[in-house]
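For reference, target04.cif is printed below; it contains mmCIF, C-alpha atoms.
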data_input
#
loop_
_atom_site.label_atom_id
_atom_site.label_comp_id
_atom_site.auth_asym_id
_atom_site.auth_seq_id
_atom_site.Cartn_x
_atom_site.Cartn_y
_atom_site.Cartn_z
CA MET K 85 37.27 11.77 -3.60
CA ALA K 86 35.22 8.59 -3.11
CA PRO K 87 31.44 8.89 -2.70
CA THR K 88 30.16 8.40 0.83
CA SER K 89 26.99 6.64 -0.23
CA ASP K 90 25.52 4.47 -2.93
CA ARG K 91 23.30 6.75 -5.01
CA LEU K 92 21.40 3.97 -6.79
CA ALA K 93 20.37 2.35 -3.52
CA LEU K 94 19.35 5.71 -2.04
CA ARG K 95 17.38 6.75 -5.12
CA LEU K 96 15.55 3.42 -5.33
CA GLY K 97 14.84 3.48 -1.60
CA ALA K 98 13.40 6.98 -1.85
CA LEU K 99 11.32 6.07 -4.92
CA PHE K 100 9.97 2.86 -3.34
CA GLY K 101 9.19 4.78 -0.15
CA LEU K 102 7.38 7.52 -2.07
CA PHE K 103 5.16 5.07 -3.88
CA ALA K 104 4.60 2.97 -0.76
CA VAL K 105 3.17 6.05 0.98
CA VAL K 106 1.00 6.97 -2.02
CA LEU K 107 -0.27 3.43 -2.65
CA GLY K 108 -0.79 2.79 1.05
CA ALA K 109 -2.71 6.04 1.49
CA LEU K 110 -4.94 5.34 -1.50
CA ALA K 111 -6.10 2.12 0.12
CA ALA K 112 -6.26 3.36 3.71
CA HIS K 113 -9.17 5.78 3.70
CA LYS K 114 -12.54 4.23 4.41
CA GLY K 115 -15.40 5.83 2.58
CA ASP K 116 -13.00 7.24 0.03
CA LYS K 117 -15.22 5.67 -2.66
CA PHE K 118 -12.09 4.90 -4.54
CA LEU K 119 -9.56 2.18 -3.91
CA TYR K 120 -10.42 1.23 -0.32
CA ASP K 121 -14.06 0.51 -1.13
CA TYR K 122 -13.13 -1.52 -4.21
CA LEU K 123 -10.49 -3.57 -2.40
CA SER K 124 -12.80 -4.16 0.56
CA LYS K 125 -15.68 -5.23 -1.67
CA THR K 126 -13.47 -7.69 -3.55
CA ASN K 127 -11.73 -8.92 -0.37
CA HIS K 128 -8.33 -7.89 -1.77
CA LEU K 129 -7.36 -5.32 0.84
CA ASP K 130 -4.97 -7.76 2.56
CA ILE K 131 -3.23 -8.46 -0.75
CA TRP K 132 -2.72 -4.72 -1.28
CA ARG K 133 -1.42 -4.24 2.27
CA THR K 134 1.05 -7.10 1.83
CA ALA K 135 2.40 -5.47 -1.32
CA VAL K 136 2.77 -2.11 0.44
CA PHE K 137 4.44 -3.72 3.47
CA TYR K 138 7.11 -5.53 1.44
CA GLN K 139 7.69 -2.42 -0.63
CA TRP K 140 8.21 -0.42 2.58
CA VAL K 141 10.58 -2.96 4.11
CA HIS K 142 12.78 -2.92 1.04
CA ALA K 143 12.61 0.87 0.66
CA LEU K 144 13.99 1.21 4.18
CA ALA K 145 16.57 -1.52 3.60
CA LEU K 146 17.79 0.23 0.44
CA LEU K 147 18.05 3.53 2.29
CA ALA K 148 20.05 1.79 5.04
CA ILE K 149 22.55 0.00 2.81
CA GLY K 150 22.79 3.06 0.59
CA GLN K 151 24.43 4.92 3.46
CA GLY K 152 27.65 3.01 2.92
CA ARG K 153 30.09 3.39 0.08
CA THR K 154 30.05 -0.27 -0.75
CA ALA K 155 26.43 -1.26 -1.05
CA ARG K 156 26.55 -4.51 -2.93
CA ARG K 157 25.14 -3.88 -6.37
CA GLY K 158 23.80 -7.44 -6.56
CA THR K 159 21.68 -6.90 -3.47
CA VAL K 160 20.35 -3.59 -4.81
CA ILE K 161 19.47 -5.08 -8.21
CA CYS K 162 17.83 -8.15 -6.62
CA TRP K 163 15.70 -5.93 -4.40
CA LEU K 164 14.74 -3.72 -7.35
CA ILE K 165 13.62 -6.68 -9.44
CA GLY K 166 12.07 -8.45 -6.45
CA VAL K 167 9.94 -5.50 -5.37
CA VAL K 168 8.76 -4.87 -8.91
CA LEU K 169 7.81 -8.52 -9.40
CA PHE K 170 6.49 -9.30 -5.91
CA SER K 171 4.68 -6.12 -4.93
CA GLY K 172 3.83 -5.22 -8.52
CA SER K 173 2.13 -8.54 -9.17
CA LEU K 174 0.22 -8.27 -5.89
CA TYR K 175 -1.01 -4.78 -6.84
CA ILE K 176 -2.18 -6.14 -10.19
CA LEU K 177 -3.89 -9.15 -8.59
CA ALA K 178 -5.58 -6.97 -5.96
CA LEU K 179 -7.03 -4.77 -8.70
CA ASP K 180 -7.95 -7.57 -11.10
CA SER K 181 -7.68 -11.15 -9.93
CA THR K 182 -8.48 -12.42 -13.44
CA GLN K 183 -4.96 -11.47 -14.55
CA LYS K 184 -3.64 -15.01 -14.16
CA TRP K 185 -0.28 -14.15 -15.76
CA ALA K 186 0.59 -12.02 -12.69
CA GLY K 187 0.17 -14.89 -10.20
CA PRO K 188 3.45 -16.70 -11.01
CA LEU K 189 5.37 -13.44 -10.72
CA THR K 190 4.66 -13.15 -6.99
CA PRO K 191 6.69 -16.17 -5.82
CA LEU K 192 9.37 -15.41 -8.41
CA GLY K 193 9.66 -11.90 -6.99
CA GLY K 194 9.80 -13.36 -3.49
CA LEU K 195 12.68 -15.61 -4.49
CA VAL K 196 14.55 -12.65 -5.95
CA LEU K 197 14.00 -10.69 -2.71
CA ILE K 198 15.37 -13.66 -0.75
CA ALA K 199 18.34 -13.83 -3.13
CA GLY K 200 19.08 -10.17 -2.39
CA TRP K 201 19.10 -10.82 1.34
CA ALA K 202 21.31 -13.89 0.84
CA TRP K 203 23.69 -11.85 -1.33
CA LEU K 204 23.94 -9.22 1.39
CA TRP K 205 24.50 -11.84 4.10
CA LEU K 206 27.23 -13.64 2.11
CA ASN K 207 28.99 -10.35 1.41
CA LEU K 208 28.86 -9.42 5.08
CA LEU K 209 30.35 -12.82 5.98
CA LYS K 210 33.07 -12.35 3.39
CA LYS K 211 33.78 -8.84 4.64
CA GLN K 212 33.92 -10.08 8.26
CA SER K 213 36.32 -12.92 7.47
CA SER K 214 38.72 -10.55 5.70
CA VAL K 215 39.07 -8.34 8.79
CA PRO K 216 42.04 -9.46 10.94
#
Show me the file's structure as structure tokens.
Amino acid sequence: MAPTSDRLALRLGALFGLFAVVLGALAAHKGDKFLYDYLSKTNHLDIWRTAVFYQWVHALALLAIGQGRTARRGTVICWLIGVVLFSGSLYILALDSTQKWAGPLTPLGGLVLIAGWAWLWLNLLKKQSSVP
């Protein structure tokens, strides 16, 4: 019997969602004397929020495409790599902007995220053209 969902996409979506909630909550509480105060003081709160937002978007997208049997593995892999590079580098830069090696990873991760969306779009076009 064929599986009714793509387990890798669902697992990654759940994992990205879990960490998006945790990382978002850590930076959301004013007066926490932890991450929020540090990010506010260094003016990096927007960087952190951008990382969380993109992580959330792709967590939800992975959960959505994981519902089908034929989630395109290329899309899933691109989004995995893209989120790690894009959001991961932003988290690093928000915590320590002197880590110059992380800066070039952000646009690279963004390109990989875009490639995942393009892969999905092309596969949907291909799938649509094969339907009579």
Check what the PyMOL selection byres ((chain K and resi 199-205) around 7) selects in the file above and give those residues as number ranges by chain. K: 156, 158-159, 162-163, 195-198, 206-209
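The closest residue to Leu174 in chain K, picked from K:Val105, K:Thr134, K:His113, K:Leu144 and counting all atoms listed in the file, is K:Thr134.
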Between K:Leu110, K:Ala186, K:Val167, K:Val136, which has the minimum distance to Leu96 in chain K (counting all atoms listed in the file)? K:Val167
In terms of the shortest atom-to-atom distance over only C-alpha atoms, which of K:Tyr175, K:Leu169, K:Lys210, K:Asp90 is closest to Pro188 in chain K?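 Closest to Pro188 in chain K of all the choices is K:Leu169.
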In terms of the shortest atom-to-atom distance over only C-alpha atoms, which of K:Lys184, K:Lys125, K:Lys211, K:Arg157 is closest to Ala93 in chain K?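 Among the listed residues, the smallest separation from Ala93 in chain K belongs to K:Arg157.
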Long-range neighbours of Ser173 in chain K as a PyMOL selection string, 8 Å cut-off, all atoms listed in the file, 6 positions minimum in chain: chain K and resi 186-187+189-190
For Phe137 in chain K, work out the shell of residues within 9 Å, counting all atoms listed in the file and skipping chain neighbours fewer than 6 positions away, then give it as a ChimeraX atom specification. /K:104,108,171
Output of the PyMOL selection byres ((chain K and resi 112) around 12), listed as a PyMOL selection string: chain K and resi 104-111+113-124+129-130+132-133+136
Dump of C-alpha atoms for the selected residues, as an mmCIF file, keeping the file's coordinate frame:
data_model
loop_
_atom_site.group_PDB
_atom_site.id
_atom_site.type_symbol
_atom_site.label_atom_id
_atom_site.label_comp_id
_atom_site.auth_asym_id
_atom_site.auth_seq_id
_atom_site.Cartn_x
_atom_site.Cartn_y
_atom_site.Cartn_z
ATOM 1 C CA ALA K 104 4.600 2.970 -0.760
ATOM 2 C CA VAL K 105 3.170 6.050 0.980
ATOM 3 C CA VAL K 106 1.000 6.970 -2.020
ATOM 4 C CA LEU K 107 -0.270 3.430 -2.650
ATOM 5 C CA GLY K 108 -0.790 2.790 1.050
ATOM 6 C CA ALA K 109 -2.710 6.040 1.490
ATOM 7 C CA LEU K 110 -4.940 5.340 -1.500
ATOM 8 C CA ALA K 111 -6.100 2.120 0.120
ATOM 9 C CA HIS K 113 -9.170 5.780 3.700
ATOM 10 C CA LYS K 114 -12.540 4.230 4.410
ATOM 11 C CA GLY K 115 -15.400 5.830 2.580
ATOM 12 C CA ASP K 116 -13.000 7.240 0.030
ATOM 13 C CA LYS K 117 -15.220 5.670 -2.660
ATOM 14 C CA PHE K 118 -12.090 4.900 -4.540
ATOM 15 C CA LEU K 119 -9.560 2.180 -3.910
ATOM 16 C CA TYR K 120 -10.420 1.230 -0.320
ATOM 17 C CA ASP K 121 -14.060 0.510 -1.130
ATOM 18 C CA TYR K 122 -13.130 -1.520 -4.210
ATOM 19 C CA LEU K 123 -10.490 -3.570 -2.400
ATOM 20 C CA SER K 124 -12.800 -4.160 0.560
ATOM 21 C CA LEU K 129 -7.360 -5.320 0.840
ATOM 22 C CA ASP K 130 -4.970 -7.760 2.560
ATOM 23 C CA TRP K 132 -2.720 -4.720 -1.280
ATOM 24 C CA ARG K 133 -1.420 -4.240 2.270
ATOM 25 C CA VAL K 136 2.770 -2.110 0.440
#
Give as an NGL selection string the residues that the PyMOL selection byres ((chain K and resi 143) around 9) matches when applied to the coordinates above. :K and (93-94 or 96-102 or 104 or 138-142 or 144-148)
Writing out the chosen residues with C-alpha atoms as a compact mmCIF listing (two decimals), in the frame of the given file:
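selection.txt, freshly written:
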# COMPACT_ATOMS: atom_id res chain seq x y z
CA ALA K 93 20.37 2.35 -3.52
CA LEU K 94 19.35 5.71 -2.04
CA LEU K 96 15.55 3.42 -5.33
CA GLY K 97 14.84 3.48 -1.60
CA ALA K 98 13.40 6.98 -1.85
CA LEU K 99 11.32 6.07 -4.92
CA PHE K 100 9.97 2.86 -3.34
CA GLY K 101 9.19 4.78 -0.15
CA LEU K 102 7.38 7.52 -2.07
CA ALA K 104 4.60 2.97 -0.76
CA TYR K 138 7.11 -5.53 1.44
CA GLN K 139 7.69 -2.42 -0.63
CA TRP K 140 8.21 -0.42 2.58
CA VAL K 141 10.58 -2.96 4.11
CA HIS K 142 12.78 -2.92 1.04
CA LEU K 144 13.99 1.21 4.18
CA ALA K 145 16.57 -1.52 3.60
CA LEU K 146 17.79 0.23 0.44
CA LEU K 147 18.05 3.53 2.29
CA ALA K 148 20.05 1.79 5.04
From the list K:Ala178, K:Leu192, K:Leu92, K:Ala135, which residue is nearest Val160 in chain K when using all atoms listed in the file?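 Nearest candidate to Val160 in chain K out of K:Ala178, K:Leu192, K:Leu92, K:Ala135: K:Leu92.
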As a check of understanding: the span from CA of Gly166 in chain K to CA of Asn127 in chain K is 24.6 Å
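Atom pair CA of Arg91 in chain K / CA of Gly150 in chain K has a distance of 6.7 Å (rounded to one decimal).
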Check the smallest atom-to-atom distance from each of K:Leu177, K:Trp185, K:Gly152, K:Gly194 to His128 in chain K using all atoms listed in the file, then report the winner.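 For His128 in chain K, the nearest of the given residues is K:Leu177.
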